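**Student:** This is the structure I want to talk about, given as structure tokens.
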Amino acid sequence: MAAEKLELLILKTLALEPLHGYGIARRIEQVSEGVFKLTLGSLYPALQRLEKQALVAAEWKASENGRRARYYRLTAKGRGRLQVELEDWARVSAAMARVLKAT
Amino acid sequence: MLTTLWLRVKEIVLPERLDRETQEELAQHLELLAAEKARAGLDPEEAQRQARLELGNPQEARERLRDGRTGSELDAAAKDLGYALRQLRQRPAFTVACLLTVALGVGASTALFALVHGVVLKPLPLPDPGSLVRIYDSNPGKGTSRTGITTGNLADWRRRVRSFRGIAGTYTMGRTLTLGGDSEAVLSAQVTEDFFAVLGMPPALGRYFTPEETRRALFNNAAAPVSPDPVLVVSHALWQRRFGGDPGVIGRSVTVERRPMRIVGVAAKDFAVPAPDVDLFLPWGLPETPPRDQHYLTGLARLGPGASLAQAEAELRGVASALSAEHPRTNEGWSVELVPLHEDTVGDLRLTLLVLLLAVALVLVVSSANVALLSLARSLERLPEASLRQALGASRGRLMRQFLMEPLVVSLAGGALGVLLAALGLGLLKRAGPGVPRLHEVGLDGAALAFACAATLLAALVSGLPAALRLARTEPAPDLAAAQARLAGAGSRHALRDALVVVEVATAVVLLAGATLLLRSYQRLQAVDPGYQSQGVLVAPVFLDMEQYGAGGRSRAYYDSLLERLRSLPGVVAAGAATALPASPLGPDFERPVWPQASPGDERTRRSAWVRMVTVDYFRTLGMRLVAGRAFDASDAPEAPLRVILSEGLARVLFPSGSAVGERLVVDYSSAGTYPYEVVGIVGDVRFSGPRAEPRHEIYLAHAQRPYLVMNVAVRGSGDSRLLAPAVRQALHELDPAKPAYGLYDLAELSGATYARDRYLMLALSAFAVVAVLLALVGVHGVLSHRVRERTREIGVRIALGASGGTLLRWIATQGLRLVLLGLVLGLALAAGLARLVSGLLYGTSPLDPAALGAVAALPLVALAVSLHPAWRAARTNAADVLRAG
């Protein structure tokens with residue numbers, strides 16, 4: 001999966017609520033009905049890139065099972081970016097669909 | 001913004017903590033998935049296995065996260081650095097060889113660059129130095145070029161010429177300065193109006209002279225000031241030395257030649273016109289009708305705005321020819337020459353320094369080539385390692401970076417050491433550079449350091465790139481054995497190494513040829529008979545003053561009793577004095593027309609001769625050869641008929657038909673009239689200004705008959721002349737404490753200084769040549785050794801097939817010799833091309849001197865000897881061992 005697409009999925013997933021890495025992976029897998037299975041080597045570098053752009057912020061918090069876990073949440077900047085990316089995606093996919101249907 | 005910044009800081013400062021957190025996060029992720037799978041019914045072990053399978057290798061994720069962090073580049077560089085340092089430590093001999101090679105190359109080139117930059121390239125430290133020119137008088141018809149200008153013409157030029165913003169003249173002479181009862185002979189410059197304005201440097205303290213002060217500052221014919229309230233400007237150096245830099249020095253009175261003078265200013269620091277060691281500046285007003293036939297002034301001028309040198313010269317020449325028409329008796333045939341002040345100051349040193357710089361560049365080439373060879377040889381040993389690492393996934397870029405780190409480290413360390421060497425070398429060069437102008441301006445300044453950095457980086461690149469390229473070209477090898485096998489096959493790809501060796505040898509040959517040429521030239525210079533014996537002679541320049549010694553025979557009486565005292569000193573063989581001594585730094589030195597009295601005295605029979613007043617015993621003191629007649633003695637008294645002694649060359653042209661002794665000679669003193677002299681003797685020619693200049697035509701007059709105030713006193717001792725110095729100083733002090741000598745000089749040193757430049761150039765080039773040859777030989781040896789090592793298998797097979805040790809010896813040695821011969825031919829061709837460059841520095845030696853170039857041909861013999869060592873090692877190879885190992 002292309003890196004930008006993965007980043008868009010992560011941003012969208014975090015738009016609902018802050019999650020830890022495992023939570024993000026599970027949510028994406030469930031919603032995509034098993035189409036997107038994320039490996040450690042793709043998920044965490046993507047999170048690192050997003051954090052470096054200040055689109056997400058991470059902090060260690062107590063998780064549901066009482067142990068500490070790293071939770072990622074969308075920043076204001078990340079929310080803005082998500083909006084832009086979603087619009088972009090809608091435009092591009094609609095255009096793609098038109099082109100693909102035409103042939 | 002702040003949060004990302006904080007993140008970056010953490011990434012750089014706390015990479016370990018972030019790494020630990022990452023590990024924890026990844027482990028948790030795995031654990032959570034495994035736990036879920038276990039909840040779904042898998043047994044814990046299987047759950048873990050599947051989770052791992054699904055999520056991929058956590059170690060790889062960890063690596064990728066690590067690479068994504070800020071500073072990971074730095075981290076990799078630090079690792080490469082550590083690796084390079086370990087590699088270098090493991091091979092101390094290789095490391096030290098490379099380090100010293102680079103240090104020598106960078107050090108020598110930086111020191112020499114600083115010298116060339118400070119002396120030749122840097123503009124003079126004066127405002128708008130490009131518009132400053134030196135003016136010379138020339139009379140091509142009389143064969144006189146570039147001599148001093150006259151006060152009479154200077155006054156007219158100032159009135160008539162428009163192309164200059166100012167024209168000034170100065171005259172340098174020794175004077176005695178007395179301060180607090182302590183007398184010191186110093187150099188003083190009399191300067192005409194506008195002198196300081198022309199040069200444009202503001203004074204360090206106080207002021208320069210007003211036009212009024214200059215106008216009334218008149219001198220009598222013995223250069224003693226005759227005006228009331230004389231003023232002067234002191235040099236910055238004198239102000240520091242004698243007044244401790246006291247700002248209250250302005251207005252203070254000092255005694256110059258027994259007359260009080262008031263200090264009005266301190267000249268700018270490092271003010272070096274007309275010479276850096278001038279300590280007093282006196283204003284000089286020109287008289288009503290200044291003479292036009294005494295060419296002793298240093299002429300200086302600043303071009304006006306927009307005026308070119310050619311324009312100014314053309315205009316001044318026009319005025320000079322007009323003056324010739326107006327004053328034919330004095331100005332007939334006289335014209336002018338203009339030389340930019342920078343060129344005039346630096347003079348013919350430019351060529352010498354450029355040759356040295358070229359030599360240093362060549363050394364830099366050889367040293368870089370040598371380091372390149374060494375690291376190339378090293379890299380071949382590491383080919384298997386490189387192949388393996390590539391097979392393990394290292395990218396070529398990464399490998400390149402790693403292998404470049406080593407030469408970079410060595411070059412940087414070598415460069416730093418080189419700067420240190422340059423500082424040391426520069427100190428030596430500055431202390432031992434006689435006759436080099438502007439030395440005080442030379443130093444390791446920004447330009448020199450920038451040069452050192454550039455040279456270091458160049459060395460790093462040249463030395464590292466071939467090896468790095470070679471390594472990065474390797475193919476990934478599945479295992480070490482395969483890599484080694486490939487290495488054995490790589491033996492045929494030698495082009496780069498061979499080329500480097502050939503370049504090294506060629507460069508060494510060029511330097512060797514240059515050094516040999518200069519050595520031959522120097523030997524010929526040394527073989528020139530100067531016409532006097534300088535060993536064991538001490539020279540003391542003495543200036544008497546007009547006030548005390550001007551009248552009657554006081555100067556004669558002073559020198560008579562001084563010489564009497566000196567002759568009675570223990571260890572003194574002879575003592576005499578002359579107005580100007582060969583190679584002496586100071587003294588009145590001038591030419592006069594002379595002709596045989598029996599001839600018409602016209603253009604055909606007149607000759608220009610240098611006039612020297614000498615005392616009794618002068619010729620014997622200097623060890624000059626008496627060719628005919630006699631030397632001066634007590635009979636040549638003031639009241640006796642005027643007598644003259646001629647130099648051999650002059651006697652030959654004036655009296656070609658027979659002996660000159662007994663003939664009469666007319667000396668033209670211009671405005672002071674003509675006088676007939678009786679020739680009483682002929683002495684051998686002397687090389688007055690060094691072996692390169694042809695002997696001059698000279699006439700010697702008896703000091704008793706033509707007393708002079710300024711004399712160079714010479715004392716010949718039976719041993720080292722320096723041992724006489726305290727006694728000579730004492731004798732001078734006893735006779736007149738106010739008249740110390742302007743230093744005491746060893747005549748051999750003075751005379752040696754006339755060709756010291758040749759000696760330094762020869763020694764420097766020889767040193768460079770030796771270094772280059774040694775480096776080249778090391779290169780040849782190294783390359784052959786490696787070739788032998790690489791071909792161990794082949795050699796083993798050859799031995800097994802029956803090749804004798806002798807055959808192998810020949811085989812290897814031939815390979816070395818082939819490279820050396822190629823380098824020799826290339827080097828000789830280059831040397832022949834460059835020989836034209838040095839021809840201007842050679843004396844009596846052809847730039848294609850067969851003996852000099854022949855000596856270079858000895859290089860292959862040495863190279864042959866050097867290549868025998870690896871050949872011998874090859875011959876000793878045990879075939880069975882090699883083949884078994886393969």
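All residue names refer to the structure tokens as shown: chains lettered A, B, ... in order, residues numbered from 1 in each chain, ligands numbered from 1 in order.
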Please report, as a ChimeraX atom specification, each residue of chain A to which DSSP assigns strand (DSSP E) when run on this structure's backbone.
**Tutor:** /A:19-20,56-62,68-74
**Student:** Sorted by chain and rising residue number, list the residues of chain A at most 12 Å from chain B (counting only C-alpha atoms), each with its closest atom pair and distance in Å to one decimal, as CSV.
**Tutor:**
```
residue,atom,partner,partner_atom,distance
A:His20,CA,B:His29,CA,8.9
A:Gly21,CA,B:His29,CA,6.9
A:Tyr22,CA,B:His29,CA,5.2
A:Gly23,CA,B:His29,CA,8.8
A:Ile24,CA,B:His29,CA,10.5
A:Ala25,CA,B:His29,CA,9.3
A:Arg26,CA,B:Leu33,CA,9.0
A:Phe36,CA,B:Glu54,CA,11.8
A:Lys37,CA,B:Glu54,CA,8.1
A:Leu38,CA,B:Leu55,CA,6.9
A:Thr39,CA,B:Leu55,CA,4.1
A:Leu40,CA,B:Leu55,CA,5.4
A:Gly41,CA,B:Ala61,CA,4.1
A:Ser42,CA,B:Ala61,CA,7.5
A:Leu43,CA,B:Ala61,CA,8.8
A:Tyr44,CA,B:Ala61,CA,7.2
A:Pro45,CA,B:Leu65,CA,5.6
A:Ala46,CA,B:Leu65,CA,9.3
A:Leu47,CA,B:Leu65,CA,9.7
A:Gln48,CA,B:Leu65,CA,7.2
A:Arg49,CA,B:Gly68,CA,7.9
A:Leu50,CA,B:Thr4,CA,10.4
A:Glu51,CA,B:Thr4,CA,7.5
A:Lys52,CA,B:Thr4,CA,5.9
A:Gln53,CA,B:Thr4,CA,7.1
A:Ala54,CA,B:Thr4,CA,6.1
A:Leu55,CA,B:Thr4,CA,9.8
A:Val56,CA,B:Thr4,CA,10.3
A:Ala57,CA,B:Thr3,CA,8.4
A:Ala58,CA,B:Thr3,CA,10.3
A:Glu59,CA,B:Glu21,CA,11.0
A:Trp60,CA,B:Glu21,CA,9.6
A:Ser63,CA,B:Gln28,CA,11.3
A:Glu64,CA,B:Leu32,CA,11.9
A:Asn65,CA,B:Leu32,CA,10.5
A:Arg67,CA,B:Gln28,CA,9.8
A:Arg68,CA,B:Glu25,CA,9.6
A:Ala69,CA,B:Glu25,CA,7.1
A:Arg70,CA,B:Glu25,CA,6.9
A:Tyr71,CA,B:Glu25,CA,10.1
A:Tyr72,CA,B:Glu25,CA,12.0
A:Thr75,CA,B:Thr3,CA,11.0
A:Ala76,CA,B:Met1,CA,11.9
A:Lys77,CA,B:Met1,CA,10.3
```
**Student:** Take the residues just selected and output them with N, CA and C atoms as a compact mmCIF listing (two decimals), in the first residue's frame.
**Tutor:**
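The result, written out as result-v3.txt:
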```txt
# COMPACT_ATOMS: atom_id res chain seq x y z
N HIS A 20 -4.05 3.51 20.55
CA HIS A 20 -2.65 3.09 20.47
C HIS A 20 -2.43 2.35 19.16
N GLY A 21 -1.18 2.01 18.87
CA GLY A 21 -0.83 1.44 17.56
C GLY A 21 -1.65 0.20 17.23
N TYR A 22 -1.77 -0.70 18.21
CA TYR A 22 -2.51 -1.93 17.97
C TYR A 22 -3.94 -1.61 17.64
N GLY A 23 -4.51 -0.65 18.37
CA GLY A 23 -5.89 -0.23 18.15
C GLY A 23 -6.09 0.27 16.74
N ILE A 24 -5.13 1.07 16.27
CA ILE A 24 -5.23 1.62 14.91
C ILE A 24 -5.24 0.48 13.90
N ALA A 25 -4.32 -0.46 14.06
CA ALA A 25 -4.20 -1.56 13.12
C ALA A 25 -5.48 -2.39 13.11
N ARG A 26 -6.03 -2.69 14.32
CA ARG A 26 -7.25 -3.50 14.42
C ARG A 26 -8.40 -2.78 13.75
N PHE A 36 -6.97 -4.53 4.46
CA PHE A 36 -5.71 -3.90 4.87
C PHE A 36 -5.18 -4.53 6.14
N LYS A 37 -4.11 -5.34 6.02
CA LYS A 37 -3.44 -5.90 7.19
C LYS A 37 -2.11 -5.15 7.34
N LEU A 38 -1.92 -4.49 8.48
CA LEU A 38 -0.71 -3.66 8.64
C LEU A 38 0.37 -4.43 9.37
N THR A 39 1.60 -4.34 8.86
CA THR A 39 2.72 -4.94 9.59
C THR A 39 3.34 -3.86 10.47
N LEU A 40 4.18 -4.31 11.42
CA LEU A 40 4.86 -3.35 12.29
C LEU A 40 5.72 -2.40 11.45
N GLY A 41 6.35 -2.99 10.41
CA GLY A 41 7.28 -2.22 9.58
C GLY A 41 6.61 -1.18 8.70
N SER A 42 5.28 -1.25 8.56
CA SER A 42 4.64 -0.18 7.78
C SER A 42 3.90 0.79 8.70
N LEU A 43 3.24 0.28 9.73
CA LEU A 43 2.43 1.12 10.60
C LEU A 43 3.28 2.13 11.37
N TYR A 44 4.29 1.64 12.08
CA TYR A 44 5.01 2.54 13.00
C TYR A 44 5.85 3.60 12.28
N PRO A 45 6.53 3.25 11.19
CA PRO A 45 7.21 4.34 10.45
C PRO A 45 6.23 5.39 9.95
N ALA A 46 5.00 4.96 9.55
CA ALA A 46 4.00 5.92 9.09
C ALA A 46 3.62 6.84 10.25
N LEU A 47 3.42 6.25 11.43
CA LEU A 47 3.09 7.06 12.61
C LEU A 47 4.22 8.04 12.92
N GLN A 48 5.46 7.56 12.78
CA GLN A 48 6.62 8.43 13.04
C GLN A 48 6.60 9.63 12.09
N ARG A 49 6.30 9.36 10.80
CA ARG A 49 6.27 10.46 9.82
C ARG A 49 5.19 11.47 10.18
N LEU A 50 3.99 10.95 10.57
CA LEU A 50 2.89 11.85 10.91
C LEU A 50 3.22 12.68 12.14
N GLU A 51 3.88 12.04 13.12
CA GLU A 51 4.23 12.74 14.34
C GLU A 51 5.22 13.86 14.03
N LYS A 52 6.15 13.56 13.13
CA LYS A 52 7.17 14.55 12.79
C LYS A 52 6.57 15.75 12.08
N GLN A 53 5.46 15.52 11.37
CA GLN A 53 4.80 16.65 10.71
C GLN A 53 3.81 17.32 11.65
N ALA A 54 3.73 16.83 12.89
CA ALA A 54 2.82 17.37 13.90
C ALA A 54 1.36 17.20 13.49
N LEU A 55 1.07 16.16 12.69
CA LEU A 55 -0.32 15.87 12.33
C LEU A 55 -0.96 15.01 13.41
N VAL A 56 -0.16 14.19 14.08
CA VAL A 56 -0.63 13.46 15.26
C VAL A 56 0.31 13.75 16.41
N ALA A 57 -0.21 13.56 17.62
CA ALA A 57 0.64 13.70 18.79
C ALA A 57 0.55 12.41 19.58
N ALA A 58 1.65 12.03 20.22
CA ALA A 58 1.65 10.76 20.94
C ALA A 58 1.95 11.02 22.41
N GLU A 59 1.29 10.23 23.30
CA GLU A 59 1.71 10.30 24.70
C GLU A 59 1.43 8.96 25.37
N TRP A 60 2.21 8.68 26.39
CA TRP A 60 2.04 7.42 27.11
C TRP A 60 0.91 7.60 28.11
N SER A 63 -3.57 2.14 29.66
CA SER A 63 -4.52 1.59 28.69
C SER A 63 -5.65 0.88 29.43
N GLU A 64 -6.60 0.27 28.67
CA GLU A 64 -7.77 -0.36 29.30
C GLU A 64 -7.35 -1.50 30.22
N ASN A 65 -6.21 -2.19 29.88
CA ASN A 65 -5.81 -3.31 30.72
C ASN A 65 -4.87 -2.87 31.86
N ARG A 67 -2.01 -1.34 31.81
CA ARG A 67 -0.59 -1.10 31.50
C ARG A 67 -0.46 0.19 30.71
N ARG A 68 0.76 0.71 30.66
CA ARG A 68 0.88 1.97 29.93
C ARG A 68 1.03 1.67 28.43
N ALA A 69 0.44 2.53 27.61
CA ALA A 69 0.53 2.33 26.16
C ALA A 69 0.68 3.71 25.50
N ARG A 70 1.23 3.70 24.29
CA ARG A 70 1.43 4.96 23.59
C ARG A 70 0.18 5.28 22.78
N TYR A 71 -0.51 6.36 23.14
CA TYR A 71 -1.75 6.74 22.45
C TYR A 71 -1.47 7.85 21.46
N TYR A 72 -2.03 7.70 20.28
CA TYR A 72 -1.88 8.72 19.24
C TYR A 72 -3.19 9.44 19.09
N THR A 75 -3.99 16.02 15.89
CA THR A 75 -3.82 17.41 16.31
C THR A 75 -4.74 18.27 15.44
N ALA A 76 -4.84 19.56 15.80
CA ALA A 76 -5.67 20.48 15.00
C ALA A 76 -5.14 20.52 13.57
N LYS A 77 -3.83 20.51 13.47
CA LYS A 77 -3.21 20.55 12.16
C LYS A 77 -3.55 19.28 11.37
```
**Student:** Contacts of Gly816 in chain B at 7 Å or less, counting only C-alpha atoms, minus same-chain residues fewer than 4 places along, as a ChimeraX atom specification?
**Tutor:** /B:780,784,812,820,867
**Student:** Write the selection just made, keeping C-alpha atoms, as an mmCIF file, in the first residue's frame?
**Tutor:**
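Contents of part-v8.cif, freshly written:
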```cif
data_model
loop_
_atom_site.group_PDB
_atom_site.id
_atom_site.type_symbol
_atom_site.label_atom_id
_atom_site.label_comp_id
_atom_site.auth_asym_id
_atom_site.auth_seq_id
_atom_site.Cartn_x
_atom_site.Cartn_y
_atom_site.Cartn_z
ATOM 1 C CA VAL B 780 57.068 1.779 -7.056
ATOM 2 C CA LEU B 784 55.242 -4.144 -7.068
ATOM 3 C CA ILE B 812 58.867 -8.656 -11.597
ATOM 4 C CA VAL B 820 59.849 3.853 -14.192
ATOM 5 C CA SER B 867 61.955 -3.281 -7.377
#
```
**Student:** My list of candidates is B:Gly576, B:Gly181, B:Gly823, B:Gly141. Which is closest to Val713 in chain B when distances are computed with only C-alpha atoms?
**Tutor:**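 Nearest to Val713 in chain B: B:Gly576.
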**Student:** So how many Å separate CA of Leu417 in chain B and CA of Leu404 in chain B, to one decimal?
**Tutor:**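 Taking CA of Leu417 in chain B as the start and CA of Leu404 in chain B as the end point, the length is 19.9 Å.
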**Student:** Give me, as a list in words, all polymer residues having an atom no more than 7 Å from Pro340 in chain B, counting only C-alpha atoms and skipping those fewer than 4 positions away in the same chain.
**Tutor:**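 Here the answer would be Leu132, Val133, Arg134 and Asp344 of chain B.
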**Student:** Could those selected residues go to a file with N, CA and C atoms, as an mmCIF file, in the first residue's frame?
**Tutor:**
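Below you can see selection_2.cif, which holds the result:
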```cif
data_model
loop_
_atom_site.group_PDB
_atom_site.id
_atom_site.type_symbol
_atom_site.label_atom_id
_atom_site.label_comp_id
_atom_site.auth_asym_id
_atom_site.auth_seq_id
_atom_site.Cartn_x
_atom_site.Cartn_y
_atom_site.Cartn_z
ATOM 1 N N LEU B 132 50.662 53.895 -7.626
ATOM 2 C CA LEU B 132 51.988 54.361 -7.196
ATOM 3 C C LEU B 132 53.065 53.848 -8.148
ATOM 4 N N VAL B 133 53.956 54.737 -8.565
ATOM 5 C CA VAL B 133 55.019 54.328 -9.479
ATOM 6 C C VAL B 133 56.368 54.825 -8.978
ATOM 7 N N ARG B 134 57.402 54.131 -9.404
ATOM 8 C CA ARG B 134 58.759 54.531 -9.148
ATOM 9 C C ARG B 134 59.253 55.177 -10.439
ATOM 10 N N ASP B 344 58.395 47.171 -8.610
ATOM 11 C CA ASP B 344 59.716 47.651 -8.222
ATOM 12 C C ASP B 344 60.142 47.050 -6.879
#
```
**Student:** Can you pull out every residue within 10 Å of Ala863 in chain B, counting only C-alpha atoms, but drop anything in the same chain fewer than 6 positions away, and send it as a ChimeraX atom specification?
**Tutor:** /B:505,773,776-778,780-781,813,816-817,819-821
**Student:** Store the residues picked out above in a file with C-alpha atoms, as a compact mmCIF listing (two decimals), in the first residue's frame.
**Tutor:**
```
# COMPACT_ATOMS: atom_id res chain seq x y z
CA VAL B 505 57.96 9.11 -11.29
CA VAL B 773 62.03 10.82 -5.37
CA ALA B 776 58.07 7.83 -5.93
CA LEU B 777 60.33 4.97 -4.90
CA VAL B 778 57.97 4.08 -2.07
CA VAL B 780 57.07 1.78 -7.06
CA HIS B 781 57.94 -0.58 -4.24
CA ALA B 813 61.79 -6.26 -11.96
CA GLY B 816 58.77 -2.10 -12.26
CA LEU B 817 61.33 -0.85 -14.71
CA LEU B 819 56.74 1.96 -15.24
CA VAL B 820 59.85 3.85 -14.19
CA LEU B 821 61.10 4.23 -17.75
```
**Student:** Could you name the residues that touch Leu14 in chain A at 7 Å or less, counting only C-alpha atoms, but leaving out those on the same chain fewer than 5 positions away, as number ranges by chain?
**Tutor:** A: 19, 73-74
**Student:** Go ahead and write the residues just picked, N, CA and C atoms, as a short mmCIF file (atom, residue, chain, number, x, y, z; two decimals), in the first residue's frame.
**Tutor:**
```cif
data_model
loop_
_atom_site.label_atom_id
_atom_site.label_comp_id
_atom_site.auth_asym_id
_atom_site.auth_seq_id
_atom_site.Cartn_x
_atom_site.Cartn_y
_atom_site.Cartn_z
N LEU A 19 -6.06 6.46 19.79
CA LEU A 19 -5.85 5.01 19.88
C LEU A 19 -4.36 4.71 20.00
N ARG A 73 -3.14 10.80 19.01
CA ARG A 73 -4.38 11.53 18.75
C ARG A 73 -4.12 12.53 17.63
N LEU A 74 -5.25 12.92 16.98
CA LEU A 74 -5.14 13.86 15.87
C LEU A 74 -4.93 15.27 16.43
#
```
**Student:** May I have all residues of range 712-821 of chain B that DSSP, computed from the backbone, assigns to helix (DSSP H, G or I), given as a ChimeraX atom specification?
**Tutor:** /B:721-735,747-753,756-790,792-800,805-821
**Student:** Would you mind listing what lies within 10 Å of Arg798 in chain B as a PDB file with N, CA and C atoms, in the first residue's frame, with only C-alpha atoms counted and same-chain residues fewer than 4 positions away left out?
**Tutor:**
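Wrote it out as result_28.pdb, contents follow:
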```pdb
ATOM      1  N   THR B 792      50.319 -14.296  -6.175  1.00  0.00           N
ATOM      2  CA  THR B 792      50.976 -15.403  -5.497  1.00  0.00           C
ATOM      3  C   THR B 792      50.651 -16.737  -6.164  1.00  0.00           C
ATOM      4  N   ARG B 793      49.354 -16.882  -6.495  1.00  0.00           N
ATOM      5  CA  ARG B 793      48.945 -18.149  -7.121  1.00  0.00           C
ATOM      6  C   ARG B 793      49.662 -18.368  -8.448  1.00  0.00           C
ATOM      7  N   GLU B 794      49.632 -17.313  -9.260  1.00  0.00           N
ATOM      8  CA  GLU B 794      50.255 -17.420 -10.583  1.00  0.00           C
ATOM      9  C   GLU B 794      51.741 -17.764 -10.444  1.00  0.00           C
ATOM     10  N   GLY B 802      58.244 -24.997 -13.191  1.00  0.00           N
ATOM     11  CA  GLY B 802      59.688 -25.043 -13.436  1.00  0.00           C
ATOM     12  C   GLY B 802      60.364 -23.710 -13.658  1.00  0.00           C
ATOM     13  N   ALA B 803      59.641 -22.581 -13.425  1.00  0.00           N
ATOM     14  CA  ALA B 803      60.298 -21.275 -13.577  1.00  0.00           C
ATOM     15  C   ALA B 803      61.356 -21.131 -12.481  1.00  0.00           C
ATOM     16  N   SER B 804      62.527 -20.642 -12.849  1.00  0.00           N
ATOM     17  CA  SER B 804      63.592 -20.489 -11.858  1.00  0.00           C
ATOM     18  C   SER B 804      63.411 -19.171 -11.127  1.00  0.00           C
ATOM     19  N   THR B 807      64.270 -16.192 -13.327  1.00  0.00           N
ATOM     20  CA  THR B 807      63.244 -15.793 -14.289  1.00  0.00           C
ATOM     21  C   THR B 807      62.215 -14.907 -13.615  1.00  0.00           C
ATOM     22  N   LEU B 808      61.796 -15.347 -12.422  1.00  0.00           N
ATOM     23  CA  LEU B 808      60.781 -14.586 -11.693  1.00  0.00           C
ATOM     24  C   LEU B 808      61.302 -13.208 -11.323  1.00  0.00           C
ATOM     25  N   ALA B 879      55.950 -22.921  -3.857  1.00  0.00           N
ATOM     26  CA  ALA B 879      54.842 -23.258  -4.755  1.00  0.00           C
ATOM     27  C   ALA B 879      53.804 -24.131  -4.066  1.00  0.00           C
TER      28      ALA B 879
END
```
**Student:** What is the distance, in Å and to one decimal place, between CA of Ser584 in chain B and CA of Ser561 in chain B?
**Tutor:**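 Rounded to one decimal, the two atoms are 22.6 Å apart.
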**Student:** For the atom pair CA of Arg520 in chain B and CA of Pro582 in chain B, what is the interatomic distance in Å to one decimal place?
**Tutor:**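 Distance between the two atoms: 24.7 Å.
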